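I have placed the structure first, in the form of structure tokens, so that the comments after it can refer back to it.
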There are 2 protein chains.
Amino acid sequence: MRVSSKAHYGLRMMTEFAKAYGAGPLSIAEVARVEHLPLAYLEQLASQLRRGGLVESTRGVHGGYALTRPADQISVLDVVTVIEGEVSPVECVAHGYVTGTCLREGECASRGLWMRLKQSIDAVLSQTTLAELVADQSLIDSMAPAEASR
Amino acid sequence: MRVSSKAHYGLRMMTEFAKAYGAGPLSIAEVARVEHLPLAYLEQLASQLRRGGLVESTRGVHGGYALTRPADQISVLDVVTVIEGEVSPVECVAHGYVTGTCLREGECASRGLWMRLKQSIDAVLSQTTLAELVADQSLIDSMAPAEASR
DNA sequence: ATAATTCTGACCATGACAGTCGGGATTCTC
DNA sequence: GAGAATCCCGACTGTCATGGTCAGAATTAT
């Protein structure tokens with residue numbers, strides 16, 4: 001019951017892309033720098049995000065990545081799904097589940113529980129967008145200077 | 001973002017114990033039989049559940065395991081927690097988290113998100129008790145014969 | 001040309017998961 | 001007391017996901 005740090009990294013990268021949205025592509029070298037994450041690893045994640053359609057890339061000298069749509073139209077669920085695959089506590093409540101695969105199907109009492117759980121998780125993750133994360137961060141940053149001056 | 005089958009097995013075993021509650025201990029051999037789960041593996045899980053205080057054991061010929069409290073006082077969260085440890089999407093929202101461990105603490109915008117997520121998951125899992133799972137199962141069983149007669 | 005980028009595939013170390021196995025300790029039943 | 005049914009425990013194992021690293025190719029601005 002945890003989010004992989006892979007997905008977490010991906011999300012952090014996406015918030016950086018969100019901040020840079022509209023100002024040309026942002027390189028992962030830059031992301032690695034400000035987020036203190038391993039560059040080679042980010043490369044992989046960025047590729048996944050691109051294949052998932054969340055970002056588009058520009059190669060060459062002033063290249064980098066940019067969101068394919070505004071930050072308020074990309075939810076955390078979108079990001080997590082692209083990186084970790086569908087979030088589903090057990091196989092039998094996944095979207096692509098084929099009826100009959102689970103032998104216990106008929107007599108399974110906990111399926112309802114898992115479905116409620118999945119819905120609950122999906123709800124939280126889909127309600128939060130990258131735009132909100134960025135806004136929260138700005139808020140935090142604006143308070144930070146006072147505290148950081150020790 | 002998934003529940004291990006280990007925890008799932010544990011839960012299934014617990015519902016069997018719940019059904020047998022009040023009628024003496026239930027052996028894991030019996031559980032393995034009706035749930036079609038590997039006995040040797042269940043032994044390990046049962047030990048964990050005992051160490052976690054959810055069941056108590058009786059050795060010897062008519063031995064087995066029994067819940068330490070009524071099924072309506074044991075939540076799914078209790079079971080999952082004993083087997084998988086605290087359910088927490090990321091380290092920094094875990095119960096025993098030591099402030100300062102995460103370098104980004106101050107400027108982390110997603111922490112609020114993870115806390116909401118954890119709360120949401122905990123809520124779903126703690127609201128469902130073993131008693132309810134058993135009740136659901138009885139309901140299913142009472143409908144099943146008609147359908148099973150094909 | 002060269003430097004900055006993305007892109008790709010291969011590689012690797014570690015640990016969790018999902019078991020299996022062997023034998024010991026306890027307790028009921030005969 | 002012998003045996004059988006149990007729980008108990010530690011060690012072992014194979015497979016897979018995670019969290020990376022690395023080398024080099026392709027692309028593009030300067």
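Residue numbers start at 1 in each chain; chains themselves are named A, B, ... in the order of the structure tokens; ligands are numbered from 1 in the order shown.
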Shell of 8 Å around A:Thr68, only C-alpha atoms (C1' of nucleotides), local chain residues under 2 positions omitted, as a VMD selection string: chain A and resid 53 to 56 66 70
Helix (DSSP H, G or I) call set, DSSP backbone run, stretch 48-134 of chain B, as a VMD selection string: chain B and resid 48 to 51 71 to 73 76 to 84 91 to 93 105 to 107 111 to 127 130 to 134
Give me the residues of chain B that have any atom at most 8 Å from an atom of chain A; for each, the nearest atom pair and the distance in Å, rounded to one decimal. Use only C-alpha atoms, sort by chain and number, and format it as CSV.
```
residue,atom,partner,partner_atom,distance
B:Met1,CA,A:Met1,CA,4.9
B:Arg2,CA,A:Pro89,CA,3.8
B:Val3,CA,A:Pro89,CA,5.0
B:Ser4,CA,A:Val90,CA,8.0
B:Val87,CA,A:Met1,CA,5.6
B:Ser88,CA,A:Arg2,CA,5.8
B:Pro89,CA,A:Arg2,CA,3.8
B:Val90,CA,A:Arg2,CA,6.2
B:Gly106,CA,A:Ala144,CA,7.6
B:Glu107,CA,A:Ile140,CA,6.2
B:Cys108,CA,A:Gln137,CA,6.9
B:Ala109,CA,A:Gln137,CA,4.9
B:Ser110,CA,A:Leu133,CA,6.4
B:Leu113,CA,A:Thr128,CA,7.6
B:Arg116,CA,A:Val124,CA,7.2
B:Leu117,CA,A:Val124,CA,6.1
B:Ser120,CA,A:Ser120,CA,6.5
B:Ile121,CA,A:Leu117,CA,6.6
B:Val124,CA,A:Leu117,CA,6.1
B:Leu125,CA,A:Leu117,CA,7.6
B:Thr128,CA,A:Leu113,CA,7.6
B:Leu133,CA,A:Ala109,CA,5.7
B:Val134,CA,A:Ala109,CA,7.3
B:Asp136,CA,A:Ala109,CA,5.6
B:Gln137,CA,A:Ala109,CA,4.9
B:Ile140,CA,A:Glu107,CA,6.2
B:Asp141,CA,A:Glu107,CA,6.6
B:Ala144,CA,A:Gly106,CA,7.6
```
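Those residues of chain C that fall within 8 Å of chain A when using only C-alpha atoms (C1' of nucleotides) read DA3, DA4, DT5, DT6 and DC7 of chain C.
Comparing the minimum interatomic distances between B:Leu49 and each of B:Val82, B:Gly24, B:Leu67, B:Glu30, counting only C-alpha atoms, we find that B:Val82 sits nearest.
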Contacts between chain B and chain D, please, where a residue of chain D counts if it comes within 6 Å (with only C-alpha atoms (C1' of nucleotides)); show its shortest atom pair and distance in Å to one decimal, rows by chain and ascending number, as CSV.
```
residue,atom,partner,partner_atom,distance
D:DA5,C1',B:Val61,CA,4.3
D:DT6,C1',B:Gly60,CA,4.5
D:DC7,C1',B:Arg59,CA,5.1
```
Residues near C:DG19, cut-off 12 Å, only C-alpha atoms (C1' of nucleotides), skip fewer than 6 positions along chain, as a list in words: Ser5, Lys6, Leu37, Pro38, Leu39, Ala40, Tyr41, Leu42, Glu43, Gln44 and Leu45 of chain B; DC12, DT13, DG14 and DT15 of chain D
Using the selection just defined, write its residues with C-alpha atoms (C1' of nucleotides) as a tab-separated table (two decimals), in the first residue's frame.
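Just written: result.tsv:
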```tsv
chain	number	residue	atom	x	y	z
B	5	SER	CA	-1.49	-11.35	-1.69
B	6	LYS	CA	0.16	-12.11	1.61
B	37	LEU	CA	-4.13	-21.88	0.17
B	38	PRO	CA	-0.68	-23.41	0.84
B	39	LEU	CA	-0.56	-24.69	4.39
B	40	ALA	CA	3.11	-24.03	5.07
B	41	TYR	CA	2.67	-20.42	4.03
B	42	LEU	CA	-0.41	-19.98	6.20
B	43	GLU	CA	1.59	-21.19	9.17
B	44	GLN	CA	3.86	-18.20	8.81
B	45	LEU	CA	1.00	-15.78	8.43
D	12	DC	C1'	16.39	-21.82	2.31
D	13	DT	C1'	14.95	-20.58	-2.57
D	14	DG	C1'	13.28	-18.75	-7.04
D	15	DT	C1'	11.24	-14.88	-9.22
```
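Interatomic distance, atom C1' of D:DA26 against atom C1' of C:DT8: 10.0 Å.
Counting only C-alpha atoms (C1' of nucleotides), the residue from D:DC8, D:DA29, D:DA17, D:DA23 that sits nearest to C:DG15 is D:DA17.
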